[in-house]
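Everything below concerns the one structure shown next.
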Amino acid sequence: MKKIVLTGGGSAGHAVPNLALLPLLQGRYDVRYLGTDGVEKRIFAPTGIPFYTISAVKLVRGSVTKNLLLPVRLLQSVRQARRVLQEIAPDLVFSKGGYVALPAVLAAKKLGIPVLTHESDLTPGLANRLIARRCRAVLTAFPETAQRLKNAKFTGSPVRQELFEADRNAALKKYGFSGERPVLLCFGGGSGSAAINAALDKALPDLLKKWDVLHIRGKGVFDKKQGYVPLEYEQDMASAYACADFVLSRAGANTLFELLALKKPALLIPLENRRSRGDQAQNAAYFLQRGLCRVLPEKQLSPQRLKEELSLLAADKDLPARLARAPFTPANERIVREIRAVLQP
């Protein structure tokens with residue numbers, strides 16, 4: 001049985017797509033994961049696949065002093081990854097990008113191990129730009145992205161199959177909602193969003209007059225109210241999506257493709273700060289131009305604007321029809337075909 005090492009992490013967005021591919025790979029291949037002791041380890045712990053940990057360094061945007069030792073630490077990470085890959089001896093490394101993937105791919109290249117990588121965003125991230133020429137191919141979620149890299153191929157984005165399988169009535173019961181009022185699902189990425197949380201908290205008294213709210217908000221102390229269910233984290237996103245009539249979220253690429261696949265009307269608040277490369281704003285603008293969402297820039301976020309934008313979202317009766325017509329199918333099978341093509345004897 002041939003061996004595949006999956007890698008990618010630093011954020012849930014660089015690990016969840018690998019999780020979506022896992023059911024099509026397990027049983028056919030010996031699958032392992034190479035990552036850090038971070039969010040990707042938590043995400044993959046329930047799968048039971050062997051997980052190998054290395055240290056990895058992240059470029060801190062906007063800071064020179066914090067990046068001074070980056071080359072030395074990267075070299076250390078590459079050495080760690082090389083030892084792991086020598087131990088496993090995989091036939092392929094499949095990367096989902098992020099700073100975790102960089103040392104793994106550099107080590108794989110030195111060892112002569114084939115690499116495929118996948119880029120979820122409209123514009124390639126730093127790690128994928130650095131490793132692109134070292135890969136057999138860069139698979140992309142957006143067709144426009146494939147035009148920016150010489151060895152790129154458009155496949156689309158993988159989406160977890162279990163998201164389509166949850167029962168709405170069971171999900172409503174799980175969270176204690178009656179189903180008589182529209183449900184707003186709010187989340188701000190893998191660790192929550194302080195900006196979204198603060199605005200939603202102040203808007204909540206008015207929102208709860210018309211909506212039930214499921215709020216995945218990250219770590220903190222918070223109170224449950226009638227019609228309001230706050231959660232630190234939700235492993236069962238299938239149920240969270242199933243109960244939702246509308247979604248308020250950040251604009252990470254994986255979230256956007258999940259919303260598109262599930263046909264969920266959404267208000268997006270892209271992450272925008274000096275440590276962001278602007279990918280979420282670009283992703284959100286892409287879908288906004290196609291009439292598939294609403295967007296509220298974070299610099300305009302306030303409790304009042306949030307209430308106004310959510311009201312406009314609910315009032316847009318044509319949005320569900322536009323979502324239904326959107327030409328999107330999950331790319332799980334297409335990506336696995338590319339993996340199989342590399343592993344052909």
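Residue numbering restarts at 1 for every chain of the structure tokens, chains are lettered A, B, ... in their displayed order, and ligands are numbered from 1 as they appear.
For Ala284 of chain A, the set of protein, DNA and RNA residues having any atom at most 8 Å away, when counting only C-alpha atoms and skipping those fewer than 2 positions along the same chain, is Ala251, Leu256, Leu268, Pro270, Gln280, Ala281, Gln282, Tyr286, Phe287, Leu288 and Val295 of chain A.
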Kindly export the residues of the current selection with all heavy atoms, as a compact mmCIF listing (two decimals), in the first residue's frame.
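Output file part-v7.txt is given in full below:
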```txt
# COMPACT_ATOMS: atom_id res chain seq x y z
N ALA A 251 -14.32 35.53 6.03
CA ALA A 251 -14.35 35.19 4.61
C ALA A 251 -13.17 34.34 4.19
O ALA A 251 -12.60 34.53 3.11
CB ALA A 251 -14.42 36.46 3.76
N LEU A 256 -16.16 30.06 2.60
CA LEU A 256 -16.95 30.54 1.46
C LEU A 256 -17.42 29.40 0.57
O LEU A 256 -18.57 29.38 0.11
CB LEU A 256 -16.14 31.54 0.64
CG LEU A 256 -15.75 32.83 1.36
CD1 LEU A 256 -15.09 33.80 0.40
CD2 LEU A 256 -16.94 33.48 2.01
N LEU A 268 -20.65 38.50 5.10
CA LEU A 268 -19.23 38.26 5.34
C LEU A 268 -18.56 39.51 5.90
O LEU A 268 -18.82 40.63 5.42
CB LEU A 268 -18.54 37.86 4.04
CG LEU A 268 -19.15 36.68 3.29
CD1 LEU A 268 -18.40 36.46 1.98
CD2 LEU A 268 -19.14 35.42 4.13
N PRO A 270 -14.78 40.30 6.19
CA PRO A 270 -13.41 39.83 5.96
C PRO A 270 -12.43 40.35 7.00
O PRO A 270 -12.54 41.49 7.46
CB PRO A 270 -13.07 40.39 4.57
CG PRO A 270 -14.37 40.72 3.94
CD PRO A 270 -15.28 41.10 5.07
N GLN A 280 -8.82 37.47 2.54
CA GLN A 280 -10.26 37.35 2.82
C GLN A 280 -11.05 38.44 2.11
O GLN A 280 -12.16 38.18 1.60
CB GLN A 280 -10.51 37.41 4.33
CG GLN A 280 -10.03 36.17 5.06
CD GLN A 280 -10.70 36.00 6.41
OE1 GLN A 280 -11.69 36.67 6.73
NE2 GLN A 280 -10.19 35.08 7.20
N ALA A 281 -10.52 39.65 2.05
CA ALA A 281 -11.21 40.73 1.34
C ALA A 281 -11.32 40.40 -0.15
O ALA A 281 -12.36 40.66 -0.78
CB ALA A 281 -10.48 42.05 1.54
N GLN A 282 -10.28 39.82 -0.72
CA GLN A 282 -10.31 39.44 -2.13
C GLN A 282 -11.32 38.33 -2.38
O GLN A 282 -12.09 38.38 -3.35
CB GLN A 282 -8.91 38.99 -2.57
CG GLN A 282 -7.87 40.09 -2.56
CD GLN A 282 -6.47 39.57 -2.73
OE1 GLN A 282 -6.22 38.37 -2.67
NE2 GLN A 282 -5.53 40.47 -2.94
N TYR A 286 -14.85 38.67 -4.62
CA TYR A 286 -15.11 37.76 -5.75
C TYR A 286 -16.55 37.25 -5.72
O TYR A 286 -17.26 37.28 -6.73
CB TYR A 286 -14.13 36.60 -5.67
CG TYR A 286 -14.22 35.60 -6.81
CD1 TYR A 286 -13.41 35.72 -7.93
CD2 TYR A 286 -15.09 34.51 -6.75
CE1 TYR A 286 -13.47 34.81 -8.97
CE2 TYR A 286 -15.16 33.59 -7.79
CZ TYR A 286 -14.34 33.74 -8.89
OH TYR A 286 -14.41 32.82 -9.91
N PHE A 287 -17.01 36.82 -4.56
CA PHE A 287 -18.37 36.29 -4.43
C PHE A 287 -19.41 37.40 -4.41
O PHE A 287 -20.53 37.21 -4.91
CB PHE A 287 -18.47 35.41 -3.19
CG PHE A 287 -17.78 34.09 -3.33
CD1 PHE A 287 -16.50 33.90 -2.83
CD2 PHE A 287 -18.39 33.04 -3.99
CE1 PHE A 287 -15.84 32.70 -2.98
CE2 PHE A 287 -17.74 31.83 -4.15
CZ PHE A 287 -16.47 31.65 -3.64
N LEU A 288 -19.05 38.57 -3.87
CA LEU A 288 -19.97 39.70 -3.87
C LEU A 288 -20.27 40.14 -5.30
O LEU A 288 -21.43 40.43 -5.65
CB LEU A 288 -19.37 40.86 -3.08
CG LEU A 288 -20.18 42.16 -3.04
CD1 LEU A 288 -21.52 41.94 -2.34
CD2 LEU A 288 -19.39 43.27 -2.37
N VAL A 295 -21.41 41.77 1.98
CA VAL A 295 -20.11 42.00 2.63
C VAL A 295 -20.18 43.29 3.42
O VAL A 295 -20.65 44.32 2.93
CB VAL A 295 -18.97 42.09 1.58
CG1 VAL A 295 -17.65 42.45 2.27
CG2 VAL A 295 -18.83 40.78 0.82
```
inquiry  = Give me, as a ChimeraX atom specification, all polymer residues having an atom no more than 10 Å from segment 297-305 of chain A, counting only C-alpha atoms and skipping those fewer than 5 positions away in the same chain.
reply    = /A:195-196,198-204,206,250,268-273,281,284,310-311
key: segment 170-177 of chain A environment, 9 Å, only C-alpha atoms, sequence neighbours closer than 2 positions dropped, as a PyMOL selection string   = chain A and resi 166-168+179-181+183+212+214+227-229+238-244
ask   = Do you know which residues are at most 6 Å from segment 327-334 of chain A counting only C-alpha atoms, after dropping those on the same chain fewer than 4 positions away, and could you put them as a list in words?
value = Leu21, Gly156, Ser157, Pro158 and Val159 of chain A
Residue subset to file, keeping N, CA, C and O atoms, as a compact mmCIF listing (two decimals), in the first residue's frame:
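Written output follows (again-v5.txt):
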```
# COMPACT_ATOMS: atom_id res chain seq x y z
N LEU A 21 -10.64 15.34 2.26
CA LEU A 21 -10.11 14.34 1.32
C LEU A 21 -9.90 12.98 1.98
O LEU A 21 -9.85 11.95 1.29
N GLY A 156 -11.00 23.21 -8.17
CA GLY A 156 -12.07 23.57 -7.25
C GLY A 156 -11.63 23.29 -5.82
O GLY A 156 -10.48 22.94 -5.56
N SER A 157 -12.56 23.44 -4.91
CA SER A 157 -12.26 23.31 -3.49
C SER A 157 -12.92 22.07 -2.90
O SER A 157 -14.07 21.77 -3.20
N PRO A 158 -12.20 21.33 -2.04
CA PRO A 158 -12.84 20.19 -1.37
C PRO A 158 -13.75 20.66 -0.25
O PRO A 158 -13.49 21.68 0.39
N VAL A 159 -14.83 19.92 -0.03
CA VAL A 159 -15.79 20.23 1.03
C VAL A 159 -16.12 18.93 1.76
O VAL A 159 -16.36 17.90 1.12
```
Enumerate the residues of segment 164-242 of chain A with a DSSP assignment of helix (DSSP H, G or I), computed from the backbone, and present them as a PDB file with C-alpha atoms, in the first residue's frame.
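Contents of states39.pdb, as written:
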```
ATOM      1  CA  PHE A 164     -24.408  17.591   3.599  1.00  0.00           C
ATOM      2  CA  ARG A 168     -32.127  20.085  10.309  1.00  0.00           C
ATOM      3  CA  ASN A 169     -34.728  18.976  12.851  1.00  0.00           C
ATOM      4  CA  ALA A 170     -32.121  17.057  14.816  1.00  0.00           C
ATOM      5  CA  ALA A 171     -29.788  20.058  14.674  1.00  0.00           C
ATOM      6  CA  LEU A 172     -32.468  22.437  15.941  1.00  0.00           C
ATOM      7  CA  LYS A 173     -33.187  20.054  18.808  1.00  0.00           C
ATOM      8  CA  LYS A 174     -29.488  19.789  19.626  1.00  0.00           C
ATOM      9  CA  TYR A 175     -29.203  23.543  20.165  1.00  0.00           C
ATOM     10  CA  ALA A 194     -13.118  39.645  18.893  1.00  0.00           C
ATOM     11  CA  ALA A 195     -14.441  42.337  16.539  1.00  0.00           C
ATOM     12  CA  ILE A 196     -17.463  40.309  15.424  1.00  0.00           C
ATOM     13  CA  ASN A 197     -18.135  39.109  18.965  1.00  0.00           C
ATOM     14  CA  ALA A 198     -18.132  42.653  20.355  1.00  0.00           C
ATOM     15  CA  ALA A 199     -20.512  43.990  17.699  1.00  0.00           C
ATOM     16  CA  LEU A 200     -22.839  41.008  17.962  1.00  0.00           C
ATOM     17  CA  ASP A 201     -22.976  41.202  21.750  1.00  0.00           C
ATOM     18  CA  LYS A 202     -24.239  44.798  21.581  1.00  0.00           C
ATOM     19  CA  ALA A 203     -26.663  44.060  18.736  1.00  0.00           C
ATOM     20  CA  LEU A 204     -27.980  40.913  20.394  1.00  0.00           C
ATOM     21  CA  PRO A 205     -30.934  42.388  22.365  1.00  0.00           C
ATOM     22  CA  ASP A 206     -32.475  43.653  19.131  1.00  0.00           C
ATOM     23  CA  LEU A 207     -31.547  40.604  17.073  1.00  0.00           C
ATOM     24  CA  MET A 237     -20.177  21.968  11.999  1.00  0.00           C
ATOM     25  CA  ALA A 238     -22.597  19.810  10.016  1.00  0.00           C
ATOM     26  CA  SER A 239     -25.267  20.405  12.673  1.00  0.00           C
ATOM     27  CA  ALA A 240     -24.371  24.070  13.013  1.00  0.00           C
ATOM     28  CA  TYR A 241     -24.858  24.625   9.290  1.00  0.00           C
ATOM     29  CA  ALA A 242     -27.965  22.423   9.155  1.00  0.00           C
TER      30      ALA A 242
END
```
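Among A:Ser95, A:Ala45, A:Ile335, A:Lys317, the residue with the shortest atom-to-atom distance to Leu25 of chain A, counting only C-alpha atoms, is A:Ile335.
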Could you give me, as CSV, every segment 30-56 of chain A residue with an atom at most 7 Å from segment 99-102 of chain A, plus its closest atom pair and distance in Å to one decimal, counting only C-alpha atoms, rows ordered by chain then number?
```
residue,atom,partner,partner_atom,distance
A:Gly35,CA,A:Val100,CA,6.1
A:Thr36,CA,A:Val100,CA,6.9
A:Ala56,CA,A:Val100,CA,5.6
```
Written file, previous selection with all heavy atoms, as a JSON list (two decimals), in the first residue's frame:
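Below is the file that was written, out-v9.json:
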```
[["chain", "number", "residue", "atom", "x", "y", "z"],
["A", 35, "GLY", "N", 2.47, 17.90, 10.85],
["A", 35, "GLY", "CA", 2.05, 19.24, 11.23],
["A", 35, "GLY", "C", 2.69, 19.67, 12.53],
["A", 35, "GLY", "O", 3.67, 19.07, 12.98],
["A", 36, "THR", "N", 2.14, 20.69, 13.13],
["A", 36, "THR", "CA", 2.63, 21.18, 14.42],
["A", 36, "THR", "C", 1.66, 20.77, 15.53],
["A", 36, "THR", "O", 0.58, 20.26, 15.26],
["A", 36, "THR", "CB", 2.77, 22.71, 14.42],
["A", 36, "THR", "OG1", 1.47, 23.30, 14.31],
["A", 36, "THR", "CG2", 3.64, 23.19, 13.27],
["A", 56, "ALA", "N", 7.42, 24.84, 13.48],
["A", 56, "ALA", "CA", 7.38, 25.61, 12.25],
["A", 56, "ALA", "C", 7.29, 27.08, 12.61],
["A", 56, "ALA", "O", 6.70, 27.45, 13.63],
["A", 56, "ALA", "CB", 6.19, 25.20, 11.38]]
```
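In terms of minimum interatomic distance to Val31 of chain A, A:Thr7 ranks closest within A:Thr53, A:Thr145, A:Asn128, A:Thr7, counting only C-alpha atoms.
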message = Residues near segment 133-137 of chain A, anyone? I mean within 12 Å using only C-alpha atoms, not counting same-chain ones fewer than 2 positions away, as a ChimeraX atom specification.
response = /A:92-95,97,102,104-119,127-131,139-140,146,149-155,335,338-339,341-343
note = With distances taken over only C-alpha atoms, the candidate from A:Pro50, A:Pro265, A:Gly252, A:Gly220 nearest Leu185 of chain A is A:Pro265
query = For Val5 of chain A, which residue out of A:Arg42, A:Pro17, A:Ile49, A:Leu24 is the nearest one, using only C-alpha atoms?
reply = A:Ile49
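Restricting the calculation to only C-alpha atoms, the smallest distance between Gly9 of chain A and any of A:Pro46, A:Ile54, A:Ser249, A:Gln26 is found for A:Ile54.
Excluding Ile43 of chain A itself and any same-chain residue fewer than 4 positions from it, the protein and nucleic acid residues within 10 Å of it, counting only C-alpha atoms, are Gly9, Ala12, Ala15, Val16, Leu19, Gly38, Val39, Thr47 and Gln235 of chain A.
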